[in-house]
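The file final16.cif contains mmCIF, C-alpha atoms:
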data_query
#
loop_
_atom_site.group_PDB
_atom_site.id
_atom_site.type_symbol
_atom_site.label_atom_id
_atom_site.label_comp_id
_atom_site.auth_asym_id
_atom_site.auth_seq_id
_atom_site.Cartn_x
_atom_site.Cartn_y
_atom_site.Cartn_z
ATOM 1 C CA MET K 1 0.000 0.000 0.000
ATOM 2 C CA GLN K 2 1.285 3.455 -0.874
ATOM 3 C CA SER K 3 2.119 5.677 2.078
ATOM 4 C CA PRO K 4 -0.520 8.364 2.703
ATOM 5 C CA VAL K 5 -0.131 12.094 3.033
ATOM 6 C CA VAL K 6 -0.557 12.824 6.759
ATOM 7 C CA VAL K 7 -1.634 16.195 8.156
ATOM 8 C CA GLY K 8 -1.458 17.228 11.797
ATOM 9 C CA VAL K 9 -4.867 18.467 12.958
ATOM 10 C CA ASP K 10 -5.576 20.443 16.139
ATOM 11 C CA GLY K 11 -8.519 22.677 15.186
ATOM 12 C CA SER K 12 -6.433 25.829 14.685
ATOM 13 C CA ALA K 13 -6.630 28.046 11.604
ATOM 14 C CA GLU K 14 -3.123 27.009 10.571
ATOM 15 C CA SER K 15 -3.940 23.302 10.806
ATOM 16 C CA LEU K 16 -7.070 23.808 8.692
ATOM 17 C CA ALA K 17 -5.043 25.622 6.027
ATOM 18 C CA ALA K 18 -2.523 22.781 6.190
ATOM 19 C CA THR K 19 -5.386 20.298 5.787
ATOM 20 C CA GLU K 20 -6.571 21.957 2.573
ATOM 21 C CA TRP K 21 -3.027 22.044 1.189
ATOM 22 C CA ALA K 22 -2.487 18.409 2.169
ATOM 23 C CA ALA K 23 -5.754 17.410 0.489
ATOM 24 C CA ARG K 24 -4.678 19.005 -2.773
ATOM 25 C CA GLU K 25 -1.251 17.366 -2.480
ATOM 26 C CA ALA K 26 -2.764 13.944 -1.796
ATOM 27 C CA GLU K 27 -4.979 14.371 -4.862
ATOM 28 C CA ARG K 28 -1.950 15.328 -6.986
ATOM 29 C CA ARG K 29 -0.097 12.243 -5.765
ATOM 30 C CA GLY K 30 -3.052 9.887 -5.991
ATOM 31 C CA ARG K 31 -2.690 9.030 -2.292
ATOM 32 C CA ASN K 32 -5.032 8.833 0.677
ATOM 33 C CA LEU K 33 -5.084 11.709 3.157
ATOM 34 C CA ARG K 34 -4.776 10.816 6.835
ATOM 35 C CA LEU K 35 -6.041 13.353 9.359
ATOM 36 C CA PHE K 36 -3.918 12.924 12.485
ATOM 37 C CA HIS K 37 -4.667 14.344 15.918
ATOM 38 C CA ALA K 38 -2.347 13.928 18.900
ATOM 39 C CA TRP K 39 -3.669 14.676 22.375
ATOM 40 C CA ASN K 40 -1.954 14.673 25.723
ATOM 41 C CA TRP K 41 -3.762 14.951 29.000
ATOM 42 C CA HIS K 42 -2.610 15.035 32.633
ATOM 43 C CA PRO K 43 -5.692 14.382 34.769
ATOM 44 C CA ARG K 44 -5.755 15.217 38.423
ATOM 45 C CA HIS K 45 -6.503 12.491 40.912
ATOM 46 C CA GLY K 46 -10.030 11.206 40.446
ATOM 47 C CA GLU K 47 -10.646 13.046 37.164
ATOM 48 C CA GLY K 48 -9.007 10.677 34.696
ATOM 49 C CA ALA K 49 -12.147 9.462 32.938
ATOM 50 C CA ARG K 50 -13.682 12.921 32.727
ATOM 51 C CA ALA K 51 -10.465 14.507 31.428
ATOM 52 C CA GLU K 52 -10.065 11.794 28.830
ATOM 53 C CA ALA K 53 -13.665 12.233 27.687
ATOM 54 C CA VAL K 54 -13.097 15.969 27.210
ATOM 55 C CA GLN K 55 -9.922 15.357 25.229
ATOM 56 C CA ARG K 56 -11.644 12.828 22.998
ATOM 57 C CA TYR K 57 -14.523 15.229 22.396
ATOM 58 C CA LEU K 58 -12.128 18.025 21.407
ATOM 59 C CA ALA K 59 -10.218 15.631 19.163
ATOM 60 C CA ARG K 60 -13.421 14.508 17.456
ATOM 61 C CA ARG K 61 -14.445 18.130 16.871
ATOM 62 C CA ALA K 62 -11.033 19.027 15.414
ATOM 63 C CA LEU K 63 -11.074 16.008 13.116
ATOM 64 C CA SER K 64 -14.623 16.748 11.966
ATOM 65 C CA ARG K 65 -13.712 20.328 11.052
ATOM 66 C CA ALA K 66 -10.627 19.120 9.202
ATOM 67 C CA GLU K 67 -12.635 16.485 7.335
ATOM 68 C CA GLU K 68 -15.110 19.142 6.243
ATOM 69 C CA ARG K 69 -12.300 21.345 4.904
ATOM 70 C CA ALA K 70 -10.597 18.462 3.125
ATOM 71 C CA ARG K 71 -13.795 17.285 1.439
ATOM 72 C CA GLY K 72 -14.624 20.849 0.463
ATOM 73 C CA ALA K 73 -11.243 21.168 -1.252
ATOM 74 C CA CYS K 74 -11.165 17.710 -2.857
ATOM 75 C CA PRO K 75 -14.591 15.990 -2.726
ATOM 76 C CA GLY K 76 -13.449 12.673 -4.162
ATOM 77 C CA LEU K 77 -10.427 12.222 -1.903
ATOM 78 C CA SER K 78 -10.049 9.071 0.213
ATOM 79 C CA LEU K 79 -9.758 10.093 3.866
ATOM 80 C CA GLU K 80 -8.473 8.298 6.944
ATOM 81 C CA GLU K 81 -8.444 9.467 10.566
ATOM 82 C CA GLU K 82 -6.142 8.639 13.434
ATOM 83 C CA GLN K 83 -5.883 9.747 17.052
ATOM 84 C CA ALA K 84 -2.920 9.137 19.323
ATOM 85 C CA GLY K 85 -2.248 9.963 22.949
ATOM 86 C CA GLY K 86 1.020 11.078 24.460
ATOM 87 C CA PRO K 87 3.438 13.922 23.715
ATOM 88 C CA ALA K 88 2.576 15.554 20.386
ATOM 89 C CA THR K 89 6.115 15.479 18.971
ATOM 90 C CA ALA K 90 6.580 11.774 19.666
ATOM 91 C CA ALA K 91 3.158 11.013 18.192
ATOM 92 C CA LEU K 92 3.851 13.040 15.040
ATOM 93 C CA LEU K 93 7.251 11.424 14.567
ATOM 94 C CA LYS K 94 5.652 7.997 14.802
ATOM 95 C CA ALA K 95 3.011 9.052 12.275
ATOM 96 C CA ALA K 96 5.754 10.394 9.979
ATOM 97 C CA GLY K 97 7.365 6.960 9.980
ATOM 98 C CA ARG K 98 4.287 5.607 8.205
ATOM 99 C CA ALA K 99 3.769 8.586 5.884
ATOM 100 C CA GLY K 100 4.985 9.581 2.470
ATOM 101 C CA LEU K 101 4.646 13.231 3.485
ATOM 102 C CA LEU K 102 3.747 15.038 6.712
ATOM 103 C CA VAL K 103 2.026 18.450 6.578
ATOM 104 C CA LEU K 104 1.898 20.881 9.516
ATOM 105 C CA GLY K 105 0.544 24.387 9.982
ATOM 106 C CA SER K 106 2.553 27.552 10.686
ATOM 107 C CA ARG K 107 0.954 30.730 12.004
ATOM 108 C CA GLY K 108 1.709 33.876 10.013
ATOM 109 C CA LEU K 109 2.913 37.031 11.736
ATOM 110 C CA SER K 110 2.590 40.609 10.523
ATOM 111 C CA GLY K 111 5.386 42.788 9.257
ATOM 112 C CA PHE K 112 8.844 41.409 8.591
ATOM 113 C CA THR K 113 8.988 39.019 11.530
ATOM 114 C CA GLY K 114 8.112 36.057 9.358
ATOM 115 C CA PHE K 115 6.133 33.039 10.545
ATOM 116 C CA LEU K 116 5.699 31.479 13.925
ATOM 117 C CA VAL K 117 6.634 27.820 13.973
ATOM 118 C CA GLY K 118 5.795 26.140 17.249
ATOM 119 C CA SER K 119 8.169 24.005 19.243
ATOM 120 C CA VAL K 120 6.306 20.829 18.299
ATOM 121 C CA ALA K 121 6.558 21.583 14.571
ATOM 122 C CA LEU K 122 10.250 22.529 14.839
ATOM 123 C CA ALA K 123 11.090 19.370 16.765
ATOM 124 C CA THR K 124 9.156 17.275 14.251
ATOM 125 C CA VAL K 125 10.852 18.896 11.255
ATOM 126 C CA ALA K 126 14.263 18.285 12.820
ATOM 127 C CA ARG K 127 13.696 14.573 13.375
ATOM 128 C CA ALA K 128 11.031 13.291 10.961
ATOM 129 C CA SER K 129 11.992 10.411 8.701
ATOM 130 C CA CYS K 130 9.811 11.684 5.835
ATOM 131 C CA PRO K 131 9.567 15.117 4.167
ATOM 132 C CA VAL K 132 7.632 17.692 6.191
ATOM 133 C CA VAL K 133 5.770 20.623 4.618
ATOM 134 C CA LEU K 134 4.965 23.717 6.693
ATOM 135 C CA VAL K 135 1.931 25.731 5.549
ATOM 136 C CA ARG K 136 1.041 29.200 6.784
ATOM 137 C CA ALA K 137 -2.394 29.950 8.222
ATOM 138 C CA ASP K 138 -3.641 32.115 5.350
ATOM 139 C CA GLU K 139 -2.547 29.801 2.519
ATOM 140 C CA GLU K 140 -5.248 29.323 -0.123
ATOM 141 C CA ALA K 141 -5.519 27.241 -3.280
ATOM 142 C CA ALA K 142 -5.134 30.292 -5.529
ATOM 143 C CA ASP K 143 -1.792 31.105 -3.891
ATOM 144 C CA GLU K 144 -0.248 28.131 -5.700
ATOM 145 C CA HIS K 145 -1.324 29.431 -9.096
ATOM 146 C CA LEU K 146 -0.236 32.243 -11.381
ATOM 147 C CA PRO K 147 -2.580 35.234 -11.521
ATOM 148 C CA ALA K 148 -5.180 35.484 -14.269
ATOM 149 C CA ALA K 149 -4.666 37.743 -17.271
ATOM 150 C CA ASP K 150 -6.405 40.619 -15.481
ATOM 151 C CA GLY K 151 -4.180 40.204 -12.433
ATOM 152 C CA SER K 152 -6.819 38.586 -10.225
ATOM 153 C CA THR K 153 -6.248 35.401 -8.262
ATOM 154 C CA SER K 154 -7.247 32.155 -9.933
ATOM 155 C CA THR K 155 -7.130 28.394 -9.488
ATOM 156 C CA GLY K 156 -7.533 27.829 -13.222
ATOM 157 C CA THR K 157 -4.104 29.080 -14.257
ATOM 158 C CA GLY K 158 -0.801 27.225 -14.185
ATOM 159 C CA TYR K 159 1.183 26.653 -11.023
ATOM 160 C CA ARG K 160 3.815 29.034 -9.772
ATOM 161 C CA ASP K 161 7.454 27.889 -9.698
ATOM 162 C CA VAL K 162 8.757 25.224 -7.365
ATOM 163 C CA VAL K 163 12.010 26.574 -5.889
ATOM 164 C CA LEU K 164 14.860 24.263 -4.904
ATOM 165 C CA GLY K 165 17.782 25.293 -2.732
ATOM 166 C CA VAL K 166 20.940 23.495 -3.905
ATOM 167 C CA ASP K 167 24.355 23.358 -2.263
ATOM 168 C CA VAL K 168 26.499 22.139 -5.146
ATOM 169 C CA ALA K 169 29.317 21.242 -2.760
ATOM 170 C CA VAL K 170 27.130 18.582 -1.118
ATOM 171 C CA PRO K 171 24.153 17.935 -3.432
ATOM 172 C CA CYS K 172 21.533 15.597 -1.977
ATOM 173 C CA ASP K 173 19.652 13.290 -4.299
ATOM 174 C CA GLU K 174 16.656 12.923 -1.969
ATOM 175 C CA VAL K 175 16.082 16.683 -1.909
ATOM 176 C CA ILE K 176 16.584 17.206 -5.635
ATOM 177 C CA GLU K 177 14.343 14.287 -6.580
ATOM 178 C CA PHE K 178 11.580 15.537 -4.279
ATOM 179 C CA ALA K 179 11.669 18.976 -5.927
ATOM 180 C CA PHE K 180 11.615 17.567 -9.466
ATOM 181 C CA GLU K 181 8.693 15.303 -8.573
ATOM 182 C CA GLU K 182 6.732 18.195 -7.057
ATOM 183 C CA ALA K 183 7.330 20.265 -10.194
ATOM 184 C CA ARG K 184 6.240 17.343 -12.370
ATOM 185 C CA LEU K 185 3.033 16.839 -10.389
ATOM 186 C CA ARG K 186 2.161 20.515 -10.840
ATOM 187 C CA HIS K 187 3.383 20.843 -14.448
ATOM 188 C CA ALA K 188 5.340 23.745 -12.974
ATOM 189 C CA ARG K 189 8.738 25.229 -13.676
ATOM 190 C CA LEU K 190 11.538 24.278 -11.304
ATOM 191 C CA ARG K 191 13.869 27.079 -10.235
ATOM 192 C CA ALA K 192 17.103 25.693 -8.778
ATOM 193 C CA VAL K 193 19.003 28.248 -6.687
ATOM 194 C CA HIS K 194 22.603 28.114 -5.544
ATOM 195 C CA ALA K 195 24.008 30.980 -3.508
ATOM 196 C CA TRP K 196 27.720 31.545 -3.049
ATOM 197 C CA GLN K 197 29.833 34.005 -1.140
ATOM 198 C CA GLN K 198 33.346 35.248 -1.636
ATOM 199 C CA PRO K 199 35.840 33.380 0.524
ATOM 200 C CA SER K 200 37.535 35.304 3.274
ATOM 201 C CA VAL K 201 41.142 36.233 2.580
ATOM 202 C CA LEU K 202 41.965 34.796 5.998
ATOM 203 C CA GLY K 203 40.625 31.420 4.937
ATOM 204 C CA LEU K 204 42.671 31.158 1.746
ATOM 205 C CA GLY K 205 45.962 29.358 1.410
ATOM 206 C CA PRO K 206 49.183 30.596 -0.231
ATOM 207 C CA GLY K 207 48.720 31.498 -3.872
ATOM 208 C CA GLU K 208 44.913 31.683 -3.616
ATOM 209 C CA ILE K 209 44.506 35.403 -2.922
ATOM 210 C CA ALA K 210 43.725 36.077 -6.579
ATOM 211 C CA LEU K 211 40.613 33.897 -6.313
ATOM 212 C CA VAL K 212 38.863 36.480 -4.128
ATOM 213 C CA ASP K 213 38.139 38.760 -7.066
ATOM 214 C CA ASP K 214 38.076 36.135 -9.800
ATOM 215 C CA PRO K 215 35.198 37.138 -12.148
ATOM 216 C CA ARG K 216 34.970 33.555 -13.358
ATOM 217 C CA ARG K 217 33.918 32.217 -9.955
ATOM 218 C CA ALA K 218 30.188 32.716 -10.688
ATOM 219 C CA GLU K 219 30.603 30.906 -14.009
ATOM 220 C CA GLU K 220 32.278 28.028 -12.189
ATOM 221 C CA TRP K 221 29.415 27.723 -9.728
ATOM 222 C CA GLN K 222 26.975 27.820 -12.651
ATOM 223 C CA GLY K 223 28.839 24.956 -14.263
ATOM 224 C CA PHE K 224 28.751 22.938 -11.048
ATOM 225 C CA LEU K 225 25.002 23.500 -10.690
ATOM 226 C CA SER K 226 24.340 22.443 -14.283
ATOM 227 C CA ALA K 227 26.396 19.288 -13.785
ATOM 228 C CA VAL K 228 24.527 18.388 -10.583
ATOM 229 C CA LEU K 229 21.133 18.813 -12.252
ATOM 230 C CA GLN K 230 21.930 17.130 -15.564
ATOM 231 C CA VAL K 231 20.988 13.599 -14.499
ATOM 232 C CA TRP K 232 17.685 14.884 -13.100
ATOM 233 C CA ARG K 233 16.923 16.846 -16.264
ATOM 234 C CA GLU K 234 17.301 13.572 -18.169
ATOM 235 C CA LYS K 235 15.094 11.702 -15.697
ATOM 236 C CA TYR K 236 12.411 14.433 -15.795
ATOM 237 C CA PRO K 237 12.512 15.755 -19.376
ATOM 238 C CA GLU K 238 9.018 17.214 -19.008
ATOM 239 C CA VAL K 239 10.099 19.586 -16.232
ATOM 240 C CA GLU K 240 11.347 23.004 -17.314
ATOM 241 C CA VAL K 241 14.352 23.976 -15.214
ATOM 242 C CA VAL K 242 15.752 27.440 -14.589
ATOM 243 C CA GLU K 243 19.162 27.597 -12.923
ATOM 244 C CA THR K 244 19.968 30.590 -10.746
ATOM 245 C CA VAL K 245 23.380 31.299 -9.227
ATOM 246 C CA VAL K 246 23.684 34.366 -7.020
ATOM 247 C CA ARG K 247 26.410 35.911 -4.894
ATOM 248 C CA GLU K 248 24.449 36.231 -1.657
ATOM 249 C CA LYS K 249 23.805 34.586 1.689
ATOM 250 C CA PRO K 250 21.932 31.328 0.979
ATOM 251 C CA SER K 251 19.116 32.182 3.391
ATOM 252 C CA THR K 252 18.616 35.610 1.825
ATOM 253 C CA ALA K 253 18.728 34.162 -1.687
ATOM 254 C CA LEU K 254 16.075 31.536 -0.922
ATOM 255 C CA VAL K 255 13.713 34.010 0.730
ATOM 256 C CA ARG K 256 14.053 36.285 -2.292
ATOM 257 C CA ALA K 257 13.686 33.482 -4.866
ATOM 258 C CA SER K 258 10.629 32.064 -3.120
ATOM 259 C CA SER K 259 8.639 35.249 -3.412
ATOM 260 C CA GLY K 260 5.752 34.268 -5.672
ATOM 261 C CA ALA K 261 6.602 30.538 -5.631
ATOM 262 C CA SER K 262 4.176 27.699 -4.978
ATOM 263 C CA LEU K 263 6.658 25.688 -2.913
ATOM 264 C CA LEU K 264 10.214 25.927 -1.575
ATOM 265 C CA VAL K 265 12.200 22.701 -1.145
ATOM 266 C CA VAL K 266 15.190 22.576 1.213
ATOM 267 C CA GLY K 267 17.151 19.768 2.812
ATOM 268 C CA ARG K 268 17.851 18.668 6.353
ATOM 269 C CA GLY K 269 20.877 16.544 7.030
ATOM 270 C CA PRO K 270 21.576 14.137 9.889
ATOM 271 C CA ALA K 271 22.356 15.548 13.323
ATOM 272 C CA LYS K 272 26.009 16.500 13.819
ATOM 273 C CA SER K 273 25.618 18.264 17.153
ATOM 274 C CA PRO K 274 25.724 16.646 20.597
ATOM 275 C CA ALA K 275 22.607 18.714 21.330
ATOM 276 C CA GLY K 276 20.642 16.411 19.046
ATOM 277 C CA PRO K 277 18.671 16.841 15.802
ATOM 278 C CA ARG K 278 18.212 20.361 14.523
ATOM 279 C CA THR K 279 17.668 22.196 11.280
ATOM 280 C CA GLY K 280 20.618 24.027 9.738
ATOM 281 C CA PRO K 281 20.720 27.839 9.591
ATOM 282 C CA VAL K 282 19.503 28.061 5.989
ATOM 283 C CA THR K 283 16.550 25.740 6.553
ATOM 284 C CA HIS K 284 15.790 27.479 9.848
ATOM 285 C CA ALA K 285 15.658 30.860 8.106
ATOM 286 C CA ALA K 286 13.510 29.460 5.302
ATOM 287 C CA ILE K 287 10.815 27.984 7.519
ATOM 288 C CA HIS K 288 10.542 31.218 9.501
ATOM 289 C CA HIS K 289 10.662 33.811 6.726
ATOM 290 C CA VAL K 290 9.501 32.291 3.407
ATOM 291 C CA GLY K 291 5.894 33.088 2.554
ATOM 292 C CA CYS K 292 5.031 29.999 0.516
ATOM 293 C CA PRO K 293 4.792 26.437 1.858
ATOM 294 C CA VAL K 294 8.225 25.009 2.730
ATOM 295 C CA ALA K 295 9.149 21.359 2.251
ATOM 296 C CA VAL K 296 11.991 20.130 4.457
ATOM 297 C CA VAL K 297 13.401 16.883 3.068
ATOM 298 C CA PRO K 298 15.655 14.686 5.223
ATOM 299 C CA HIS K 299 18.784 13.294 3.602
ATOM 300 C CA LYS K 300 21.810 11.248 4.556
#
Take the structure in the file and give it back as structure tokens.
Amino acid sequence: MQSPVVVGVDGSAESLAATEWAAREAERRGRNLRLFHAWNWHPRHGEGARAEAVQRYLARRALSRAEERARGACPGLSLEEEQAGGPATAALLKAAGRAGLLVLGSRGLSGFTGFLVGSVALATVARASCPVVLVRADEEAADEHLPAADGSTSTGTGYRDVVLGVDVAVPCDEVIEFAFEEARLRHARLRAVHAWQQPSVLGLGPGEIALVDDPRRAEEWQGFLSAVLQVWREKYPEVEVVETVVREKPSTALVRASSGASLLVVGRGPAKSPAGPRTGPVTHAAIHHVGCPVAVVPHK
């Protein structure tokens, strides 16, 4: 059986937006959608049964609202429901182990402060065994599509670009393949972005000082990016690919490139810190400041 798309449901506006996005994604993939609710209760002495009954009632209400939103977005979609007790992060990580994709909500903030990603979502993103997509609270179906000819929003136009962040020094097949597949499913253009920065003079060895101002460095990075993507271009000939190489901080470049995109795809490597699993600085910046949904794909 193919792994379902799983969405975390808690009754909040961000989880309902995530549910709609997940429903559309499950329909694109031809997969079932599983509505997942994790609840954790700490009853006082003598109130265990009553507390559990309240939690189950709230869970049922959250799942019912999510089901209504999912069926409204994709009426013919096959739906499943699951409830689990215990700490939310542990429950979501267990659910992710049986999922092809996990979708979670992220609450939008005003101004330039980006998006609020709760501790449960951050911990899940850092440790999940499957790709995790974060969706902001005000995400709508039309946001994935290009505007109509008169500039109005539309769900009948083509999809906006899928943006892929690529580090050509350590390219990750799992991340690249995920991005190409998402572009294929949408019949969208894939924009692959690599950002580079000038090396510090202090970090260069003898005879390398001239490389600091070498005008050919950008061309070299462009060549590396093209070489990395070539095998995937051949595997996905139907996907139009635009390669972008910029001299900029990677986090800044991805936030800028993702403006007007339908999806940003970034990677998350294995934990290298004694403190345990965590997202890297580029992925961390992306999930807090990029306006479109962000897919974080684990890789080796």
Report, in Å to a single decimal, how far apart atom CA of K:Leu104 and atom CA of K:Leu164 are. 19.7 Å
Could you spell out the hits of the PyMOL selection byres ((chain K and resi 29-39) around 10) on the shown file, as a short mmCIF file (atom, residue, chain, number, x, y, z; two decimals) with C-alpha atoms, keeping the file's coordinate frame?
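As a result, result21.cif now contains:
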data_model
loop_
_atom_site.label_atom_id
_atom_site.label_comp_id
_atom_site.auth_asym_id
_atom_site.auth_seq_id
_atom_site.Cartn_x
_atom_site.Cartn_y
_atom_site.Cartn_z
CA MET K 1 0.00 0.00 0.00
CA GLN K 2 1.28 3.46 -0.87
CA SER K 3 2.12 5.68 2.08
CA PRO K 4 -0.52 8.36 2.70
CA VAL K 5 -0.13 12.09 3.03
CA VAL K 6 -0.56 12.82 6.76
CA VAL K 7 -1.63 16.20 8.16
CA GLY K 8 -1.46 17.23 11.80
CA VAL K 9 -4.87 18.47 12.96
CA ASP K 10 -5.58 20.44 16.14
CA GLY K 11 -8.52 22.68 15.19
CA THR K 19 -5.39 20.30 5.79
CA ALA K 22 -2.49 18.41 2.17
CA ALA K 23 -5.75 17.41 0.49
CA ARG K 24 -4.68 19.00 -2.77
CA GLU K 25 -1.25 17.37 -2.48
CA ALA K 26 -2.76 13.94 -1.80
CA GLU K 27 -4.98 14.37 -4.86
CA ARG K 28 -1.95 15.33 -6.99
CA ASN K 40 -1.95 14.67 25.72
CA TRP K 41 -3.76 14.95 29.00
CA GLU K 52 -10.06 11.79 28.83
CA GLN K 55 -9.92 15.36 25.23
CA ARG K 56 -11.64 12.83 23.00
CA LEU K 58 -12.13 18.02 21.41
CA ALA K 59 -10.22 15.63 19.16
CA ARG K 60 -13.42 14.51 17.46
CA ALA K 62 -11.03 19.03 15.41
CA LEU K 63 -11.07 16.01 13.12
CA SER K 64 -14.62 16.75 11.97
CA ALA K 66 -10.63 19.12 9.20
CA GLU K 67 -12.64 16.48 7.34
CA ALA K 70 -10.60 18.46 3.12
CA LEU K 77 -10.43 12.22 -1.90
CA SER K 78 -10.05 9.07 0.21
CA LEU K 79 -9.76 10.09 3.87
CA GLU K 80 -8.47 8.30 6.94
CA GLU K 81 -8.44 9.47 10.57
CA GLU K 82 -6.14 8.64 13.43
CA GLN K 83 -5.88 9.75 17.05
CA ALA K 84 -2.92 9.14 19.32
CA GLY K 85 -2.25 9.96 22.95
CA GLY K 86 1.02 11.08 24.46
CA PRO K 87 3.44 13.92 23.72
CA ALA K 88 2.58 15.55 20.39
CA THR K 89 6.12 15.48 18.97
CA ALA K 90 6.58 11.77 19.67
CA ALA K 91 3.16 11.01 18.19
CA LEU K 92 3.85 13.04 15.04
CA ALA K 95 3.01 9.05 12.28
CA ALA K 99 3.77 8.59 5.88
CA GLY K 100 4.99 9.58 2.47
CA LEU K 101 4.65 13.23 3.48
CA LEU K 102 3.75 15.04 6.71
CA VAL K 103 2.03 18.45 6.58
CA GLU K 181 8.69 15.30 -8.57
CA GLU K 182 6.73 18.20 -7.06
CA LEU K 185 3.03 16.84 -10.39
CA ARG K 186 2.16 20.52 -10.84
#
Min atom-atom distance to K:Ser129 from the set K:Gly76, K:Pro171, K:Gly97, K:Pro293, counting only C-alpha atoms, belongs to K:Gly97
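Relative to atom CA of K:Val162, atom CA of K:Ser106 is found at 19.2 Å.
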Can you tell me which residues surround K:Val294 at a distance of at most 10 Å, considering all atoms listed in the file, apart from same-chain residues fewer than 5 positions away, and format the answer as a count of residues only? 18
Using all atoms listed in the file, collect all residues at a distance of at most 9 Å from (26.1, 36.9, -6.0) as written in the file, then present them as a list in words.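 Applying the cut-off with all atoms listed in the file, one gets Ala195, Trp196, Gln197, Gln198, Ala218, Val245, Val246, Arg247, Glu248, Lys249 and Ala253 of chain K.
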Residues near K:His187, anyone? I mean within 8 Å using all atoms listed in the file, not counting same-chain ones fewer than 4 positions away, as a list in words.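 Using all atoms listed in the file, the neighbours found are Gly158, Tyr159, Ala183 and Val239 of chain K.
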Report, in Å with one decimal, the straight-line distance from atom CA of K:Val297 to atom CA of K:Ala142.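 Rounded to one decimal, the two atoms are 24.4 Å apart.
Here the question is which of K:Gln230, K:Ser119, K:Ser15, K:Thr124 gets nearest to K:Val296 using all atoms listed in the file, and that residue is K:Thr124.
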Return the single residue from K:Cys74, K:Val117, K:Pro298, K:Asp138 that is closest to K:Ile176, with distances computed using all atoms listed in the file.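 Residue with the minimum atom-to-atom distance to K:Ile176: K:Pro298.
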